[in-house]
file target29.cif (mmCIF, C-alpha atoms)
data_work
#
loop_
_atom_site.label_atom_id
_atom_site.label_comp_id
_atom_site.auth_asym_id
_atom_site.auth_seq_id
_atom_site.Cartn_x
_atom_site.Cartn_y
_atom_site.Cartn_z
CA MET A 1 17.81 41.74 60.51
CA ASN A 2 14.21 42.87 60.24
CA PHE A 3 15.31 45.65 57.90
CA LEU A 4 16.93 43.19 55.50
CA ARG A 5 13.85 40.98 55.58
CA GLY A 6 11.69 43.96 54.63
CA VAL A 7 13.97 44.90 51.76
CA SER A 8 13.83 41.39 50.37
CA LEU A 9 10.03 41.51 50.29
CA LEU A 10 9.93 44.67 48.14
CA ASN A 11 8.87 44.28 44.48
CA ILE A 12 11.78 45.82 42.58
CA PRO A 13 10.97 46.23 38.82
CA ARG A 14 13.58 44.77 36.46
CA VAL A 15 14.02 46.95 33.40
CA GLY A 16 15.51 45.44 30.23
CA ILE A 17 15.78 41.93 31.63
CA THR A 18 13.68 39.22 29.97
CA GLN A 19 13.59 35.75 31.38
CA PRO A 20 12.89 32.87 28.97
CA VAL A 21 9.68 31.04 29.69
CA ARG A 22 10.26 27.40 30.43
CA HIS A 23 7.55 25.08 29.19
CA PHE A 24 6.88 21.98 31.22
CA SER A 25 5.38 18.87 29.70
CA VAL A 26 2.34 17.56 31.50
CA THR A 27 2.76 14.04 30.12
CA SER A 28 5.66 11.99 31.35
CA PRO A 29 7.90 10.39 28.67
CA ILE A 30 7.15 7.04 30.22
CA LEU A 31 3.42 7.49 29.60
CA VAL A 32 3.82 8.48 25.94
CA ARG A 33 2.24 5.91 23.65
CA ARG A 34 4.79 4.33 21.36
CA THR A 35 3.74 3.06 17.97
CA TYR A 36 5.26 -0.09 16.55
CA ASP A 37 4.84 -1.62 13.13
CA ARG A 38 3.22 -4.99 13.71
CA PHE A 39 4.28 -6.18 10.27
CA TYR A 40 7.91 -5.06 10.41
CA LYS A 41 9.18 -8.63 9.98
CA ILE A 42 7.24 -8.83 6.72
CA THR A 43 7.99 -5.37 5.36
CA LYS A 44 11.65 -5.01 6.36
CA GLN A 45 12.92 -6.84 3.25
CA LEU A 46 10.81 -6.01 0.22
CA THR A 47 11.31 -5.83 -3.52
CA ARG A 48 12.11 -2.27 -4.54
CA VAL A 49 9.30 -0.60 -6.50
CA ASP A 50 10.09 2.40 -8.70
CA LYS A 51 7.28 4.95 -8.24
CA THR A 52 8.80 7.66 -10.44
CA ASP A 53 6.25 9.24 -12.79
CA TYR A 54 8.08 9.43 -16.13
CA GLN A 55 6.80 11.98 -18.63
CA PRO A 56 6.91 11.76 -22.46
CA GLY A 57 10.21 13.07 -23.79
CA GLN A 58 12.07 12.48 -20.54
CA GLU A 59 15.47 10.83 -20.78
CA ARG A 60 15.24 7.16 -19.87
CA PRO A 61 17.63 5.93 -17.16
CA LYS A 62 20.07 3.21 -18.20
CA TYR A 63 18.85 0.76 -15.58
CA LEU A 64 15.21 1.07 -16.71
CA SER A 65 13.91 -1.26 -19.42
CA VAL A 66 10.67 -0.50 -21.24
CA PRO A 67 8.37 -3.58 -21.34
CA LYS A 68 7.07 -4.71 -24.70
CA ASP A 69 3.47 -5.05 -23.50
CA MET A 70 1.46 -3.16 -20.92
CA PRO A 71 1.49 -4.84 -17.49
CA LYS A 72 -1.68 -6.75 -16.71
CA TYR A 73 -1.69 -5.88 -13.01
CA PRO A 74 -0.53 -2.82 -11.04
CA LYS A 75 2.66 -3.10 -9.02
CA TYR A 76 2.44 -4.52 -5.53
CA ASP A 77 4.39 -2.46 -2.97
CA TYR A 78 4.95 -5.33 -0.52
CA GLU A 79 6.27 -8.14 -2.70
CA THR A 80 8.74 -10.26 -0.76
CA ARG A 81 12.28 -11.05 -1.88
CA PHE A 82 12.60 -14.27 0.09
CA PHE A 83 10.42 -17.38 0.29
CA LYS A 84 9.01 -16.63 -3.15
CA ARG A 85 6.45 -19.43 -3.04
CA GLN A 86 4.16 -17.17 -0.98
CA ASN A 87 3.75 -15.06 -4.13
CA ARG A 88 1.85 -17.98 -5.69
CA GLY A 89 -0.81 -18.38 -3.00
CA LEU A 90 -2.64 -16.86 -0.05
CA PHE A 91 -0.09 -17.16 2.75
CA GLY A 92 -1.14 -14.16 4.85
CA GLY A 93 2.47 -13.09 5.40
CA ALA A 94 3.56 -16.50 6.75
CA GLN A 95 7.21 -17.26 6.04
CA ARG A 96 9.72 -20.01 6.63
CA LYS A 97 11.00 -19.91 10.20
CA ARG A 98 14.36 -21.19 11.38
CA SER A 99 15.37 -22.20 14.88
CA LYS A 100 17.96 -24.25 16.72
CA THR A 101 18.22 -26.25 19.91
CA CYS A 102 21.33 -26.62 21.99
CA SER A 103 21.97 -29.61 24.25
CA GLU A 104 23.88 -29.64 27.49
CA TYR A 105 26.95 -30.70 25.52
CA PHE A 106 26.53 -27.67 23.22
CA ASN A 107 25.41 -29.70 20.22
CA LYS A 108 23.34 -27.41 18.02
CA ASN A 109 20.49 -28.83 15.95
CA LEU A 110 19.20 -26.56 13.20
CA SER A 111 15.57 -26.88 12.13
CA ALA A 112 13.17 -25.06 9.82
CA ARG A 113 9.39 -24.84 9.92
CA ARG A 114 7.30 -24.07 6.88
CA PRO A 115 3.72 -22.75 6.85
CA ASN A 116 0.85 -25.22 6.81
CA VAL A 117 -0.13 -24.84 3.14
CA LEU A 118 -3.25 -26.48 1.69
CA LYS A 119 -4.62 -26.73 -1.84
CA THR A 120 -8.31 -25.94 -1.96
CA SER A 121 -10.95 -24.18 -4.05
CA LEU A 122 -12.89 -21.22 -2.67
CA TRP A 123 -16.14 -19.79 -4.00
CA SER A 124 -16.17 -16.20 -5.28
CA GLU A 125 -19.51 -14.39 -5.48
CA THR A 126 -18.16 -11.71 -7.81
CA LEU A 127 -16.58 -14.14 -10.28
CA ASN A 128 -19.45 -16.65 -9.83
CA ARG A 129 -17.06 -19.59 -9.85
CA ARG A 130 -14.63 -21.50 -7.67
CA VAL A 131 -11.01 -20.36 -7.49
CA ARG A 132 -8.38 -23.01 -6.83
CA VAL A 133 -5.48 -21.62 -4.85
CA LYS A 134 -2.78 -22.54 -2.34
CA ILE A 135 -3.69 -21.20 1.09
CA THR A 136 -2.57 -21.52 4.69
CA ALA A 137 -4.80 -22.72 7.51
CA ASN A 138 -4.71 -19.33 9.26
CA VAL A 139 -5.91 -17.53 6.13
CA ILE A 140 -8.81 -20.00 5.81
CA LYS A 141 -9.90 -19.07 9.34
CA THR A 142 -9.63 -15.38 8.48
CA ILE A 143 -11.74 -15.85 5.33
CA HIS A 144 -14.46 -17.60 7.35
CA LYS A 145 -14.45 -14.71 9.84
CA GLU A 146 -14.66 -12.10 7.07
CA GLY A 147 -17.57 -13.87 5.41
CA GLY A 148 -16.02 -15.11 2.18
CA LEU A 149 -13.13 -14.81 -0.25
CA ASP A 150 -14.38 -11.54 -1.77
CA GLN A 151 -14.64 -9.82 1.61
CA TYR A 152 -11.12 -10.96 2.49
CA LEU A 153 -9.59 -9.66 -0.75
CA LEU A 154 -11.51 -6.36 -0.93
CA LYS A 155 -10.72 -5.24 2.61
CA SER A 156 -8.49 -2.15 2.38
CA THR A 157 -6.88 -1.91 5.82
CA PRO A 158 -3.07 -1.40 5.88
CA GLY A 159 -2.54 -4.73 7.60
CA ARG A 160 -4.52 -6.64 4.97
CA ILE A 161 -2.69 -4.94 2.09
CA LYS A 162 0.72 -5.70 3.61
CA THR A 163 0.05 -9.36 4.36
CA MET A 164 -2.12 -10.48 1.43
CA GLY A 165 0.79 -11.17 -0.94
CA LEU A 166 1.22 -10.83 -4.69
CA LYS A 167 -1.29 -13.55 -5.66
CA ALA A 168 -4.04 -12.03 -3.52
CA TRP A 169 -3.21 -8.58 -4.91
CA GLN A 170 -3.79 -9.83 -8.45
CA MET A 171 -7.03 -11.57 -7.44
CA ARG A 172 -8.17 -8.35 -5.78
CA TYR A 173 -7.54 -6.43 -9.01
CA ASP A 174 -9.58 -8.97 -10.99
CA LEU A 175 -12.49 -8.62 -8.56
CA LEU A 176 -12.42 -4.83 -8.80
CA LYS A 177 -12.42 -4.98 -12.61
CA VAL A 178 -15.42 -7.34 -12.63
CA GLN A 179 -17.31 -5.09 -10.21
CA GLU A 180 -16.54 -2.06 -12.37
CA ARG A 181 -17.78 -3.92 -15.46
CA LYS A 182 -21.02 -4.84 -13.69
CA GLU A 183 -21.56 -1.22 -12.63
CA ARG A 184 -21.25 -0.04 -16.24
CA GLY A 185 -23.94 -2.51 -17.25
CA THR A 186 -25.07 -3.31 -20.79
CA VAL A 187 -26.68 -1.42 -23.66
CA ARG A 188 -29.23 -2.43 -26.29
CA VAL A 189 -28.00 -1.88 -29.85
CA THR A 190 -30.77 -0.54 -32.10
CA GLY A 191 -29.34 -1.81 -35.38
CA VAL A 192 -28.68 1.48 -37.22
CA GLY A 193 -25.12 2.72 -37.38
CA LYS A 194 -23.07 5.32 -39.18
CA ASP A 195 -24.60 6.66 -42.42
CA GLY A 196 -27.62 4.42 -41.92
CA LYS A 197 -25.59 1.22 -42.24
CA PRO A 198 -27.05 -1.76 -40.36
CA VAL A 199 -25.39 -2.84 -37.14
CA LYS A 200 -25.79 -6.25 -35.55
CA LYS A 201 -28.57 -6.01 -32.98
CA GLY A 202 -28.31 -7.37 -29.49
CA THR A 203 -27.13 -6.57 -25.99
CA ARG A 204 -23.55 -5.36 -25.68
CA GLU A 205 -21.34 -4.81 -22.68
CA VAL A 206 -20.54 -1.15 -22.01
CA LYS A 207 -16.80 -0.44 -22.20
CA TYR A 208 -16.81 3.26 -21.39
CA ILE A 209 -19.39 5.88 -20.33
CA HIS A 210 -18.73 9.38 -21.64
CA PRO A 211 -19.63 12.39 -19.44
CA GLY A 212 -21.94 13.52 -22.26
CA GLY A 213 -24.10 10.41 -21.84
CA LEU A 214 -22.77 8.19 -24.64
CA LYS A 215 -22.24 4.54 -23.73
CA PHE A 216 -19.50 2.98 -25.85
CA TYR A 217 -19.71 -0.75 -26.48
CA ALA A 218 -16.98 -1.17 -29.13
CA SER A 219 -13.72 -2.81 -28.14
CA ARG A 220 -10.60 -0.76 -27.55
CA ALA A 221 -8.89 -2.39 -30.55
CA LYS A 222 -11.73 -1.22 -32.81
CA MET A 223 -11.47 2.31 -31.46
CA LEU A 224 -7.72 2.28 -32.13
CA LYS A 225 -8.38 1.33 -35.75
CA LYS A 226 -10.71 4.31 -36.12
CA LEU A 227 -8.10 6.56 -34.54
CA GLU A 228 -5.43 5.21 -36.90
CA TYR A 229 -7.66 6.02 -39.88
CA VAL A 230 -8.14 9.60 -38.64
CA ILE A 231 -4.43 10.13 -37.98
CA GLN A 232 -3.48 8.73 -41.39
CA ARG A 233 -6.12 10.89 -43.08
CA ASP A 234 -4.95 14.14 -41.50
CA SER A 235 -1.21 13.43 -41.78
CA TYR A 236 0.80 14.72 -44.74
CA PHE A 237 3.20 11.76 -44.63
CA PRO A 238 2.07 8.15 -44.10
CA ILE A 239 2.54 6.81 -40.59
CA LYS A 240 3.88 3.31 -40.17
CA PRO A 241 1.91 0.90 -37.95
CA TYR A 242 4.90 0.56 -35.62
CA THR A 243 5.06 4.34 -35.15
CA PHE A 244 1.33 4.60 -34.53
CA ASP A 245 1.40 1.76 -32.01
CA ARG A 246 4.29 3.40 -30.19
CA ARG A 247 2.54 6.77 -29.98
CA TYR A 248 -1.08 5.79 -29.39
CA GLY A 249 -1.12 2.07 -28.57
CA TRP A 250 -0.93 2.67 -24.82
CA TRP A 251 -3.74 5.25 -24.73
CA SER A 252 -6.77 4.63 -22.56
CA TYR A 253 -10.32 4.38 -23.88
CA GLU A 254 -11.06 7.89 -22.63
CA GLN A 255 -8.07 9.43 -24.43
CA ILE A 256 -9.03 7.72 -27.70
CA VAL A 257 -12.59 9.07 -27.50
CA GLU A 258 -11.38 12.61 -26.75
CA LYS A 259 -8.98 12.50 -29.69
CA LEU A 260 -11.74 11.34 -32.04
CA GLN A 261 -14.01 14.08 -30.73
CA GLU A 262 -11.43 16.67 -31.76
CA HIS A 263 -11.84 15.41 -35.35
CA ASN A 264 -15.69 15.46 -35.10
CA TRP A 265 -16.00 11.69 -35.48
CA ASP A 266 -19.45 10.11 -35.66
CA PHE A 267 -19.93 7.54 -32.86
CA SER A 268 -23.30 6.21 -33.99
CA ASP A 269 -21.85 2.77 -34.85
CA VAL A 270 -19.90 2.31 -31.60
CA ALA A 271 -22.06 3.99 -28.92
CA GLU A 272 -25.64 4.37 -27.75
CA ARG A 273 -27.41 6.79 -25.45
#
call {"tool": "encode", "arguments": {"input": "target29.cif", "output": "structure tokens"}}
result
Amino acid sequence: MNFLRGVSLLNIPRVGITQPVRHFSVTSPILVRRTYDRFYKITKQLTRVDKTDYQPGQERPKYLSVPKDMPKYPKYDYETRFFKRQNRGLFGGAQRKRSKTCSEYFNKNLSARRPNVLKTSLWSETLNRRVRVKITANVIKTIHKEGGLDQYLLKSTPGRIKTMGLKAWQMRYDLLKVQERKERGTVRVTGVGKDGKPVKKGTREVKYIHPGGLKFYASRAKMLKKLEYVIQRDSYFPIKPYTFDRRYGWWSYEQIVEKLQEHNWDFSDVAER
């Protein structure tokens, strides 16, 4: 018996045998933190947004219709499909709720509760005016906590973006455009333009700042007219206005300036340093 016990205690090397290493988790599955979407009831039924980046020359799908004019606002990813009236005000994700009560005789009474919506006007520091809008009582409390309407709309947390609604999304875009316009500032027109021609003096709002230092104050429509003149001048065949508008009408201010630079255009009547 002692002999067998001594044999069992010997370290016998195992050649050619590899045992898989078993990894043990230190954290118990019960203690793992689970993440839940707090706004699942709002985001579970949304309007589908096509985010495909279509390139020029690509075949257009049959279900896709090309709008006649450029959209004024960017698409909102969390637009609701039900209770559409919240798209016309600041509802903060509040929706129509339904419930029922059942008596002891099993008589069911259906009821519906709508959000407490108020019509009021709120002051905007960026727009420097009052904005009249439909708003719920809870959103008014949130705006007071944030410090104003601008702070409420410009907050970029995921929860704020999901619950603000379509109307607030459009107001947010307007505020950002006004802030961008204020950052560009104004420019003082000297009064001498292209070929020494006089230009109306005064202070103009800057539309675009070129990396080279030029500050353009002409409108985008005026720049498109100059581009149309250049394209017609360098084209062998005349280009119809419809064709030009289809090719270049959607271009940004930056693209128009770069195209005119390729043709060595003089910007003395539309820009200042």
call {"tool": "closest_residue", "arguments": {"input": "target29.cif", "among": "A:His263, A:Lys141, A:Lys222, A:Arg246", "to": "Met70 in chain A", "atoms": "all atoms listed in the file"}}
result
A:Arg246
call {"tool": "atom_distance", "arguments": {"input": "target29.cif", "atom1": "CA of Tyr253 in chain A", "atom2": "CA of His210 in chain A"}}
result
10.0 Å
call {"tool": "residues_near_point", "arguments": {"input": "target29.cif", "point": "(8.9, -4.1, -5.4)", "cutoff": "6 Å", "atoms": "only C-alpha atoms", "output": "count of residues only"}}
result
5
call {"tool": "atom_distance", "arguments": {"input": "target29.cif", "atom1": "CA of Thr43 in chain A", "atom2": "CA of Phe82 in chain A"}}
result
11.3 Å
call {"tool": "residues_around", "arguments": {"input": "target29.cif", "residues": "Asp50 in chain A", "least_positions_apart": "5", "cutoff": "12 Å", "atoms": "all atoms listed in the file", "output": "JSON, numbers by chain"}}
result
{"A": [61, 63, 64, 65, 75, 76, 77]}
call {"tool": "residues_around", "arguments": {"input": "target29.cif", "residues": "Arg96 in chain A", "least_positions_apart": "2", "cutoff": "10 Å", "atoms": "all atoms listed in the file", "output": "number ranges by chain"}}
result
A: 82-83, 86, 94, 98, 112-115
